[in-house]
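Listing of protein09.csv; format and content: CSV, C-alpha atoms.
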```
chain,number,residue,atom,x,y,z
A,261,MET,CA,104.0,54.2,69.0
A,262,ASN,CA,107.1,56.1,68.1
A,263,LEU,CA,107.9,59.7,69.0
A,264,ALA,CA,106.8,61.0,65.6
A,265,GLU,CA,103.3,59.6,66.3
A,266,LEU,CA,102.8,61.1,69.8
A,267,ALA,CA,100.9,64.1,68.3
A,268,THR,CA,98.7,62.0,66.0
A,269,ILE,CA,95.0,62.1,66.9
A,270,ARG,CA,93.4,58.7,66.3
A,271,SER,CA,90.0,57.1,67.0
A,272,GLY,CA,89.9,54.4,69.6
A,273,ARG,CA,88.8,53.7,73.1
A,274,THR,CA,91.3,53.4,75.9
A,275,ALA,CA,90.4,51.3,78.9
A,276,ARG,CA,91.8,49.4,81.9
A,277,VAL,CA,91.1,46.4,83.9
A,278,SER,CA,92.6,46.6,87.4
A,279,SER,CA,92.5,45.2,90.9
A,280,TRP,CA,90.8,48.4,92.4
A,281,ASP,CA,88.6,48.0,95.4
A,282,THR,CA,85.0,48.3,94.0
A,283,THR,CA,83.6,49.2,97.4
A,284,GLY,CA,85.5,52.5,97.2
A,285,ARG,CA,87.9,51.6,100.0
A,286,ASN,CA,91.6,50.9,99.8
A,287,ASN,CA,91.8,47.1,99.6
A,288,ASP,CA,93.1,47.4,96.0
A,289,ALA,CA,94.5,43.9,95.6
A,290,TRP,CA,93.1,40.5,94.7
A,291,ASN,CA,93.7,37.5,97.0
A,292,ILE,CA,94.4,34.3,95.0
A,293,GLU,CA,94.3,31.1,96.9
A,294,PRO,CA,96.7,28.2,96.6
A,295,GLY,CA,96.0,26.3,93.4
A,296,GLU,CA,93.6,28.9,92.2
A,297,ARG,CA,93.5,30.0,88.5
A,298,ARG,CA,92.1,33.6,88.4
A,299,VAL,CA,91.2,35.5,85.2
A,300,LEU,CA,92.6,39.0,85.6
A,301,ALA,CA,91.2,40.4,82.4
A,302,ASP,CA,88.8,39.1,79.7
A,303,ILE,CA,88.7,41.7,76.9
A,304,ARG,CA,86.6,41.5,73.7
A,305,GLY,CA,88.4,42.8,70.7
A,306,PRO,CA,89.6,43.9,68.4
A,307,GLY,CA,92.2,45.8,70.3
A,308,THR,CA,95.7,45.9,71.8
A,309,ILE,CA,97.1,45.5,75.3
A,310,THR,CA,99.4,48.5,75.6
A,311,HIS,CA,100.8,48.2,79.2
A,312,ILE,CA,100.8,45.8,82.1
A,313,TRP,CA,101.7,46.8,85.7
A,314,MET,CA,101.8,44.3,88.5
A,315,THR,CA,103.1,44.4,92.1
A,316,GLN,CA,103.1,41.7,94.7
A,317,PRO,CA,105.2,40.7,97.7
A,318,ASN,CA,106.4,37.3,96.6
A,319,HIS,CA,105.8,34.1,94.5
A,320,TYR,CA,107.8,35.3,91.4
A,321,ARG,CA,108.5,31.7,90.4
A,322,GLU,CA,105.5,30.0,92.0
A,323,CYS,CA,102.8,32.1,90.1
A,324,LEU,CA,102.3,31.7,86.3
A,325,LEU,CA,101.1,34.3,83.9
A,326,GLU,CA,99.1,33.1,81.0
A,327,PHE,CA,97.8,35.0,77.9
A,328,THR,CA,95.3,33.4,75.5
A,329,TRP,CA,94.4,35.1,72.2
A,330,ASP,CA,91.3,34.9,70.1
A,331,ASN,CA,89.7,31.9,71.9
A,332,ALA,CA,92.7,29.6,71.2
A,333,ASP,CA,92.7,26.2,72.9
A,334,ALA,CA,95.9,27.0,74.9
A,335,PRO,CA,97.8,30.1,76.1
A,336,SER,CA,100.4,31.7,73.8
A,337,ILE,CA,102.2,33.1,76.8
A,338,ARG,CA,103.0,31.0,79.8
A,339,CYS,CA,105.8,32.1,82.1
A,340,PRO,CA,106.6,32.4,85.8
A,341,LEU,CA,105.6,35.9,86.9
A,342,GLY,CA,109.0,37.3,87.6
A,343,ASP,CA,110.7,35.7,84.5
A,344,PHE,CA,108.1,37.2,82.1
A,345,PHE,CA,109.2,40.7,83.3
A,346,GLY,CA,112.9,39.9,83.0
A,347,LEU,CA,113.7,38.9,86.6
A,348,GLY,CA,114.8,35.3,87.1
A,349,HIS,CA,115.3,33.1,90.1
A,350,GLY,CA,112.5,34.7,92.2
A,351,ILE,CA,114.9,37.6,92.8
A,352,VAL,CA,113.8,41.2,92.5
A,353,ASN,CA,115.9,44.1,91.4
A,354,SER,CA,115.3,47.6,89.9
A,355,TYR,CA,116.2,47.9,86.2
A,356,GLN,CA,114.9,49.5,83.0
A,357,SER,CA,114.7,48.4,79.4
A,358,LEU,CA,112.5,49.7,76.5
A,359,LEU,CA,110.1,46.8,76.8
A,360,PHE,CA,110.2,46.0,80.6
A,361,SER,CA,111.0,47.7,83.9
A,362,ALA,CA,111.1,46.8,87.5
A,363,SER,CA,111.4,48.9,90.7
A,364,THR,CA,112.0,47.8,94.3
A,365,ARG,CA,113.4,49.0,97.6
A,366,ASN,CA,114.9,45.6,98.2
A,367,ASN,CA,117.4,45.0,95.3
A,368,ASN,CA,118.9,41.6,94.7
A,369,ARG,CA,116.8,39.8,97.3
A,370,PHE,CA,114.3,36.9,97.0
A,371,ASN,CA,110.6,37.5,97.2
A,372,GLN,CA,110.3,41.1,98.1
A,373,GLY,CA,107.8,43.7,96.9
A,374,CYS,CA,108.5,44.9,93.4
A,375,ALA,CA,106.7,46.8,90.7
A,376,LEU,CA,106.8,45.2,87.3
A,377,ASN,CA,105.9,46.8,83.9
A,378,ALA,CA,105.6,45.5,80.4
A,379,TYR,CA,105.2,47.8,77.3
A,380,LEU,CA,105.2,45.2,74.6
A,381,PRO,CA,102.1,45.8,72.3
A,382,MET,CA,99.8,42.7,72.4
A,383,PRO,CA,97.3,42.9,69.6
A,384,PHE,CA,94.3,40.6,69.4
A,385,ARG,CA,91.3,40.4,67.1
A,386,GLU,CA,88.5,38.6,69.0
A,387,ARG,CA,89.5,38.2,72.6
A,388,ALA,CA,92.3,38.5,75.1
A,389,VAL,CA,92.3,36.6,78.4
A,390,VAL,CA,95.0,37.2,81.0
A,391,THR,CA,95.2,34.6,83.8
A,392,LEU,CA,97.3,34.3,86.9
A,393,VAL,CA,97.8,30.8,88.4
A,394,ASN,CA,98.9,30.5,92.0
A,395,GLU,CA,100.9,27.3,92.2
A,396,SER,CA,102.4,28.2,95.6
A,397,GLY,CA,101.1,26.7,98.9
A,398,GLU,CA,100.1,30.2,100.2
A,399,ARG,CA,97.6,32.9,99.5
A,400,HIS,CA,98.9,35.2,96.8
A,401,ARG,CA,98.1,38.9,96.9
A,402,GLN,CA,98.2,40.7,93.5
A,403,TYR,CA,97.8,44.3,92.5
A,404,PHE,CA,97.6,44.9,88.7
A,405,TYR,CA,96.6,47.1,85.8
A,406,VAL,CA,96.0,45.8,82.3
A,407,ASP,CA,95.8,48.8,80.0
A,408,TYR,CA,94.4,48.4,76.5
A,409,GLU,CA,93.0,50.2,73.5
A,410,LEU,CA,90.0,49.0,71.5
A,411,GLY,CA,90.0,49.4,67.8
A,412,GLU,CA,91.0,47.7,64.6
A,413,VAL,CA,94.5,46.1,64.4
A,414,ALA,CA,96.6,45.8,61.3
A,415,ARG,CA,96.0,42.8,59.2
A,416,ASN,CA,99.6,41.7,59.5
A,417,ALA,CA,99.9,42.3,63.2
A,418,GLY,CA,101.2,39.2,65.0
A,419,PHE,CA,100.2,37.7,68.3
A,420,LEU,CA,102.7,38.0,71.2
A,421,HIS,CA,104.2,34.7,72.4
A,422,ALA,CA,106.5,34.0,75.4
A,423,GLU,CA,107.6,30.8,76.9
A,424,PHE,CA,109.8,29.7,79.8
A,425,ARG,CA,112.4,26.9,79.6
A,426,ARG,CA,114.8,25.4,82.1
A,427,GLU,CA,117.5,22.8,82.5
A,428,ASN,CA,118.6,22.2,86.1
A,429,PRO,CA,121.4,21.5,85.7
A,430,PHE,CA,122.4,21.8,82.1
A,431,PRO,CA,124.1,18.5,81.2
A,432,GLY,CA,127.5,19.8,80.5
A,433,TRP,CA,130.1,17.3,79.5
A,434,GLY,CA,133.0,18.7,81.5
A,435,HIS,CA,131.9,21.0,84.3
A,436,GLU,CA,135.2,20.6,86.2
A,437,ILE,CA,137.0,22.2,83.3
A,438,ARG,CA,137.6,25.9,83.6
A,439,VAL,CA,136.3,28.2,80.8
A,440,ASN,CA,138.9,29.5,78.3
A,441,THR,CA,141.3,26.7,78.8
A,442,PRO,CA,142.5,24.4,76.0
A,443,GLU,CA,140.6,21.5,77.3
A,444,ALA,CA,137.3,23.3,76.9
A,445,ASN,CA,137.9,24.2,73.3
A,446,ILE,CA,136.3,21.3,71.5
A,447,ALA,CA,134.6,21.3,68.1
A,448,ASN,CA,130.9,21.9,68.4
A,449,HIS,CA,129.3,22.1,65.0
A,450,GLU,CA,126.7,20.7,62.7
A,451,ARG,CA,124.2,18.2,64.2
A,452,LEU,CA,126.2,18.0,67.4
A,453,ALA,CA,125.4,21.7,68.1
A,454,TRP,CA,121.8,21.4,66.9
A,455,ASP,CA,121.3,18.6,69.4
A,456,ASN,CA,123.4,19.6,72.4
A,457,ASN,CA,123.0,23.4,72.7
A,458,TYR,CA,120.7,25.0,75.2
A,459,VAL,CA,117.4,25.7,73.4
A,460,ILE,CA,115.8,29.1,74.0
A,461,LEU,CA,113.1,28.7,71.4
A,462,ASP,CA,111.9,26.0,69.0
A,463,ALA,CA,108.7,27.2,67.3
A,464,LYS,CA,106.7,26.5,64.2
A,465,GLY,CA,104.7,28.9,62.0
A,466,ARG,CA,105.4,32.3,60.6
A,467,GLY,CA,106.6,35.3,62.6
A,468,HIS,CA,109.6,37.0,64.1
A,469,TYR,CA,111.8,36.4,67.2
A,470,LEU,CA,112.1,39.4,69.4
A,471,GLY,CA,114.7,38.3,71.9
A,472,CYS,CA,115.0,36.6,75.3
A,473,ASN,CA,116.2,36.8,78.9
A,474,LEU,CA,118.7,34.2,80.0
A,475,SER,CA,119.2,33.2,83.7
A,476,VAL,CA,122.2,31.3,85.0
A,477,THR,CA,122.9,30.0,88.5
A,478,ASN,CA,126.7,29.8,88.4
A,479,PHE,CA,127.6,26.6,90.2
A,480,GLN,CA,131.2,26.6,88.9
A,481,GLY,CA,131.8,30.1,90.1
A,482,THR,CA,134.0,31.3,87.3
A,483,TRP,CA,132.8,32.8,84.0
A,484,TRP,CA,129.7,31.0,82.7
A,485,GLY,CA,129.9,32.4,79.1
A,486,GLU,CA,131.8,31.8,75.9
A,487,GLY,CA,128.9,29.9,74.4
A,488,ASP,CA,128.1,30.9,70.8
A,489,ASP,CA,124.5,31.7,69.9
A,490,MET,CA,123.2,29.7,66.9
A,491,ILE,CA,119.8,30.4,65.3
A,492,TRP,CA,118.3,28.3,62.6
A,493,VAL,CA,115.6,29.7,60.4
A,494,ASP,CA,113.2,27.5,58.5
A,495,GLY,CA,115.0,24.2,59.2
A,496,TYR,CA,118.5,22.7,59.8
A,497,LYS,CA,121.5,23.8,57.7
A,498,TRP,CA,125.2,24.3,58.4
A,499,PRO,CA,126.2,26.9,59.3
A,500,PRO,CA,123.0,28.2,60.8
A,501,ASP,CA,121.5,31.4,59.5
A,502,LEU,CA,122.9,33.4,62.5
A,503,HIS,CA,126.0,32.2,64.2
A,504,GLY,CA,127.5,34.3,67.0
A,505,THR,CA,130.8,34.5,68.9
A,506,GLY,CA,130.0,34.2,72.6
A,507,SER,CA,127.3,34.5,75.3
A,508,GLU,CA,128.1,38.1,76.2
A,509,ASP,CA,128.4,39.0,72.5
A,510,TYR,CA,124.9,37.7,71.8
A,511,LEU,CA,123.7,39.8,74.8
A,512,ASN,CA,125.4,42.8,73.1
A,513,GLN,CA,128.2,43.2,75.7
A,514,ALA,CA,131.8,42.0,75.7
A,515,TRP,CA,134.5,40.8,78.1
A,516,GLY,CA,131.9,39.3,80.3
A,517,MET,CA,128.6,40.8,81.5
A,518,GLN,CA,128.8,44.2,83.1
A,519,ASP,CA,126.5,45.4,85.9
A,520,ASN,CA,124.2,47.6,83.8
A,521,ALA,CA,120.8,47.6,82.1
A,522,PHE,CA,120.2,49.4,78.8
A,523,LEU,CA,117.2,49.9,76.6
A,524,ARG,CA,117.8,46.8,74.4
A,525,ASN,CA,120.3,44.7,76.4
A,526,GLY,CA,121.9,44.3,79.8
A,527,SER,CA,121.6,42.5,83.1
A,528,SER,CA,118.5,42.8,85.3
A,529,ILE,CA,120.3,40.7,87.9
A,530,HIS,CA,124.1,40.6,88.1
A,531,GLU,CA,125.9,37.7,89.8
A,532,ARG,CA,128.4,40.1,91.5
A,533,ASN,CA,125.5,41.4,93.6
A,534,THR,CA,123.9,38.0,94.3
A,535,ALA,CA,126.8,35.5,94.8
A,536,GLY,CA,126.1,33.6,91.7
A,537,TYR,CA,122.6,34.4,90.2
A,538,GLN,CA,122.5,36.2,86.8
A,539,THR,CA,119.7,37.3,84.5
A,540,SER,CA,120.6,39.0,81.3
A,541,TYR,CA,118.4,40.1,78.3
A,542,VAL,CA,118.6,41.1,74.7
A,543,HIS,CA,115.7,42.5,72.7
A,544,HIS,CA,115.9,42.5,68.9
A,545,ILE,CA,113.7,45.6,68.4
A,546,GLU,CA,115.3,46.9,65.2
A,547,ASN,CA,116.7,43.5,64.1
A,548,PRO,CA,114.1,40.8,64.8
A,549,VAL,CA,114.8,37.4,63.3
A,550,ARG,CA,112.0,36.6,60.8
A,551,PHE,CA,110.9,33.1,59.9
A,552,GLU,CA,108.4,31.6,57.5
A,553,ARG,CA,108.0,28.0,58.8
A,554,GLU,CA,110.0,27.5,62.0
A,555,ILE,CA,112.8,28.8,64.1
A,556,ARG,CA,115.3,27.2,66.5
A,557,VAL,CA,117.2,29.6,68.8
A,558,THR,CA,120.0,28.0,70.8
A,559,ILE,CA,123.2,28.9,72.7
A,560,GLU,CA,126.1,26.9,73.9
A,561,HIS,CA,126.6,26.8,77.7
A,562,GLY,CA,130.3,27.2,78.1
A,563,HIS,CA,132.3,26.7,74.9
A,564,GLY,CA,131.1,23.4,73.4
A,565,ASN,CA,128.5,23.0,76.2
A,566,HIS,CA,131.0,21.8,78.8
A,567,LEU,CA,129.4,23.7,81.8
A,568,ALA,CA,126.7,22.2,84.0
A,569,ASN,CA,125.1,25.2,85.6
A,570,GLU,CA,121.4,25.8,86.0
A,571,MET,CA,120.0,27.5,82.9
A,572,SER,CA,116.6,29.1,82.3
A,573,SER,CA,115.1,31.5,79.8
A,574,VAL,CA,112.1,33.3,78.4
A,575,ALA,CA,111.8,33.7,74.6
A,576,TYR,CA,109.6,36.4,73.1
A,577,TRP,CA,108.2,36.3,69.6
A,578,TYR,CA,105.3,37.4,67.4
A,579,ALA,CA,103.5,34.8,65.4
A,580,GLU,CA,101.0,35.0,62.6
A,581,GLN,CA,98.5,32.7,64.5
A,582,PRO,CA,98.1,32.0,68.3
A,583,SER,CA,99.9,28.7,69.1
A,584,GLN,CA,100.7,26.6,72.1
A,585,VAL,CA,104.0,27.3,73.8
A,586,HIS,CA,106.5,24.9,75.5
A,587,PRO,CA,105.1,23.4,78.7
A,588,CYS,CA,106.3,25.2,81.8
A,589,PRO,CA,108.0,22.9,84.4
A,590,PRO,CA,106.0,22.1,87.5
A,591,VAL,CA,106.4,24.5,90.4
A,592,ASP,CA,108.9,22.3,92.3
A,593,ALA,CA,111.0,21.9,89.2
A,594,ARG,CA,111.3,25.7,88.5
A,595,ALA,CA,112.2,26.9,92.1
A,596,ALA,CA,115.4,28.8,92.4
A,597,VAL,CA,118.4,26.7,93.3
A,598,ARG,CA,119.5,27.8,96.8
A,599,ARG,CA,123.0,27.9,98.3
A,600,ASP,CA,123.9,26.5,101.7
A,601,ASN,CA,125.3,29.5,103.6
A,602,VAL,CA,127.3,27.2,105.9
A,603,THR,CA,129.0,25.0,103.4
A,604,GLY,CA,128.8,27.3,100.4
A,605,THR,CA,127.5,24.4,98.2
A,606,TRP,CA,124.5,24.6,95.9
A,607,GLN,CA,121.5,22.5,96.8
A,608,THR,CA,120.9,21.1,93.4
A,609,ASP,CA,119.6,17.9,91.8
A,610,PRO,CA,122.7,16.1,90.6
A,611,SER,CA,120.8,14.5,87.7
A,612,PRO,CA,120.8,16.5,84.4
A,613,SER,CA,117.5,17.0,82.7
A,614,ARG,CA,118.8,15.2,79.5
A,615,GLU,CA,122.0,13.6,78.1
A,616,LEU,CA,124.3,15.3,75.7
A,617,HIS,CA,125.9,13.5,72.7
A,618,ILE,CA,129.4,12.9,73.9
A,619,THR,CA,132.3,12.7,71.4
A,620,ASP,CA,135.7,11.1,71.6
A,621,GLU,CA,137.2,14.6,71.7
A,622,MET,CA,135.2,15.5,74.8
A,623,ARG,CA,136.3,12.3,76.5
A,624,ALA,CA,139.9,13.0,75.7
A,625,MET,CA,139.7,16.6,76.9
A,626,LYS,CA,138.2,15.4,80.2
A,627,GLU,CA,141.1,12.9,80.7
A,628,GLY,CA,143.6,15.6,79.8
A,629,TRP,CA,142.2,18.0,82.3
A,630,ALA,CA,142.2,15.3,85.0
A,631,GLN,CA,145.9,14.6,84.3
A,632,ARG,CA,146.8,18.2,84.2
A,633,THR,CA,145.1,19.0,87.5
A,634,LYS,CA,146.0,15.8,89.3
A,635,PRO,CA,147.5,16.6,92.8
```
Spit out the file's structure as structure tokens when you get a sec.
Amino acid sequence: MNLAELATIRSGRTARVSSWDTTGRNNDAWNIEPGERRVLADIRGPGTITHIWMTQPNHYRECLLEFTWDNADAPSIRCPLGDFFGLGHGIVNSYQSLLFSASTRNNNRFNQGCALNAYLPMPFRERAVVTLVNESGERHRQYFYVDYELGEVARNAGFLHAEFRRENPFPGWGHEIRVNTPEANIANHERLAWDNNYVILDAKGRGHYLGCNLSVTNFQGTWWGEGDDMIWVDGYKWPPDLHGTGSEDYLNQAWGMQDNAFLRNGSSIHERNTAGYQTSYVHHIENPVRFEREIRVTIEHGHGNHLANEMSSVAYWYAEQPSQVHPCPPVDARAAVRRDNVTGTWQTDPSPSRELHITDEMRAMKEGWAQRTKP
């Protein structure tokens, strides 16, 4: 609803499912046991989920949110709890965007109490099922509201989709090379870019891409950006339909990422406040990327994909039909990478999740960097 519609009287029934204590007392949260899959809301349509509020003390990466539309065989949204609301790494922080907000007394800390809000409209025609899966080894305590409105939805209304992806670490070809040096400036184009770039979304069907959040654990410690966004619509071609100029540019900022959060873009977590953890977002509200058959949304990590930091993301899009999203990594494969406070080193798996296609130019640049930085 836009401001012009606020005064419009319409027919409909507004309702809510929540964790309120049905005994009339004040135990207004649900306890969800380790390994338990609990349905938070099961709503018969047609209707639209208009707002979700959740608060909990912990388990932002260990718990999964799943949304299933119209009796589909699989969820169309499957994300770690914090990441769906724009907070990566299991870290909480207060921030505001048009679509999501979060509020906490314990900014920039792991696993603290935090209020999470989502205002994305989520229409459905037959049924909406919202599920929380506790994949931690502890009891999870969850407060929640699911606000919705029953009534007919537009024939051309899409179903909200969201998926989480991660590469830990991203298999950069030259992580030792500093960003914005001549050795990092290799040619990354055509099928090399299609195959090597970090993939934010690769989906089939008809719909429009609404944006993403992108989380980085900055192992190298310098600037993690300079990677161009490349978005292919309805199949491969060169150049892609949308080709950008750098990570911060795609995220609607410049000269790096600043410590701010705006309505359509910004950083919900900034590495300056967390010693290396970053989550940034961009929401294409006025400029969604529409596709008829398929879409592939990618971004370089470092120029030409030379960096090997941890990368994760959540993509949001509306699709004409409910469809299955990318599998979420197991709980132990999506935990935040921690830093040893004594040695200052990151406790990460040294094996990349996949291999890049390596060119002769990459090999030459690595050798040139080794010669230039040799003691």
Each stretch 434-478 of chain A residue no farther than 12 Å from stretch 414-417 of chain A, nearest pair in Å, only C-alpha atoms, as a Markdown table:
```
| residue | atom | partner | partner_atom | distance |
| --- | --- | --- | --- | --- |
| A:Arg466 | CA | A:Asn416 | CA | 11.1 |
| A:Gly467 | CA | A:Ala417 | CA | 9.7 |
| A:His468 | CA | A:Ala417 | CA | 11.1 |
```
* Asked: Got a sec: who's within 7 Å of stretch 419-426 of chain A, counting all atoms listed in the file, leaving out chain neighbours fewer than 2 positions off, as JSON, numbers by chain?
  -> {"A": [336, 337, 338, 339, 382, 383, 384, 417, 428, 460, 571, 572, 573, 574, 575, 576, 577, 578, 579, 580, 581, 582, 585, 586, 588]}
* A:Ala624, A:Met490, A:Val413, A:Ile292 ranked by distance to A:Ser396, top pick (using only C-alpha atoms) -> A:Ile292
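Here atom CA of A:Leu502 stands at a distance of 17.7 Å from atom CA of A:Lys464.
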* Best match for closeness to A:Gly487 among A:Leu567, A:Val549, A:Leu461, A:Ile559, counting only C-alpha atoms ->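 The closest residue to A:Gly487 is A:Ile559.
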* **Near-A:Leu347 list (9 Å; all atoms listed in the file; drop same-chain fewer than 6 positions) as a ChimeraX atom specification** => /A:320,341,353,362,473,475,528-529,539-540
* Structure fact -> In terms of all atoms listed in the file, the residue from A:Phe344, A:Phe430, A:Tyr496, A:Tyr355 at minimal distance from A:Leu324 is A:Phe344
Using all atoms listed in the file, which residues of stretch 606-635 of chain A come within 7 Å of stretch 433-444 of chain A, and what is the closest atom pair for each, with the distance in Å to one decimal? Give it as a Markdown table, sorted by chain and residue number.
```
| residue | atom | partner | partner_atom | distance |
| --- | --- | --- | --- | --- |
| A:Met625 | CA | A:Glu443 | CA | 5.0 |
| A:Lys626 | CA | A:Gly434 | CA | 6.3 |
| A:Trp629 | CA | A:Glu443 | CA | 6.3 |
```
* Asked: atom CA of A:Thr505 and atom CA of A:Leu358, how far apart in Å?
  -> 25.0 Å
* Between A:Gly562, A:Gly471, A:Pro499, A:Pro548, single out the one closest to A:Glu486, counting only C-alpha atoms. =>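 For A:Glu486, the nearest of the given residues is A:Gly562.
You will find atom CA of A:Asp455 at 21.7 Å from atom CA of A:Glu508.
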* **Spatial neighbours of A:Ala595, max dist 7 Å, all atoms listed in the file, sep filter under 3 positions, as number ranges by chain** => A: 321, 591-592
Take the selection from the previous step and output its residues with C-alpha atoms, as an mmCIF file, keeping the file's coordinate frame.
```
data_model
loop_
_atom_site.group_PDB
_atom_site.id
_atom_site.type_symbol
_atom_site.label_atom_id
_atom_site.label_comp_id
_atom_site.auth_asym_id
_atom_site.auth_seq_id
_atom_site.Cartn_x
_atom_site.Cartn_y
_atom_site.Cartn_z
ATOM 1 C CA ARG A 321 108.500 31.700 90.400
ATOM 2 C CA VAL A 591 106.400 24.500 90.400
ATOM 3 C CA ASP A 592 108.900 22.300 92.300
#
```
* To do: Excluding stretch 363-370 of chain A and any residue of its chain fewer than 6 positions from it, enumerate the residues within 8 Å of it, using only C-alpha atoms, and give them as a PyMOL selection string.
  => chain A and resi 318+349-355+376+529+533-534
Surrounding residues of A:Val459 excluding itself and chain neighbours under 4 positions, 8 Å, all atoms listed in the file, as a PDB file with C-alpha atoms, in the coordinates of the input:
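Output file selection-v2.pdb is given in full below:
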```pdb
ATOM      1  CA  ARG A 556     115.300  27.200  66.500  1.00  0.00           C
ATOM      2  CA  VAL A 557     117.200  29.600  68.800  1.00  0.00           C
ATOM      3  CA  THR A 558     120.000  28.000  70.800  1.00  0.00           C
ATOM      4  CA  ILE A 559     123.200  28.900  72.700  1.00  0.00           C
TER       5      ILE A 559
END
```
* **Shortest interatomic distance to A:Tyr458 - which of A:Gly342, A:Gly564, A:Pro381, A:Pro500, counting all atoms listed in the file** =>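 Among A:Gly342, A:Gly564, A:Pro381, A:Pro500, it is A:Gly564 that comes nearest to A:Tyr458.
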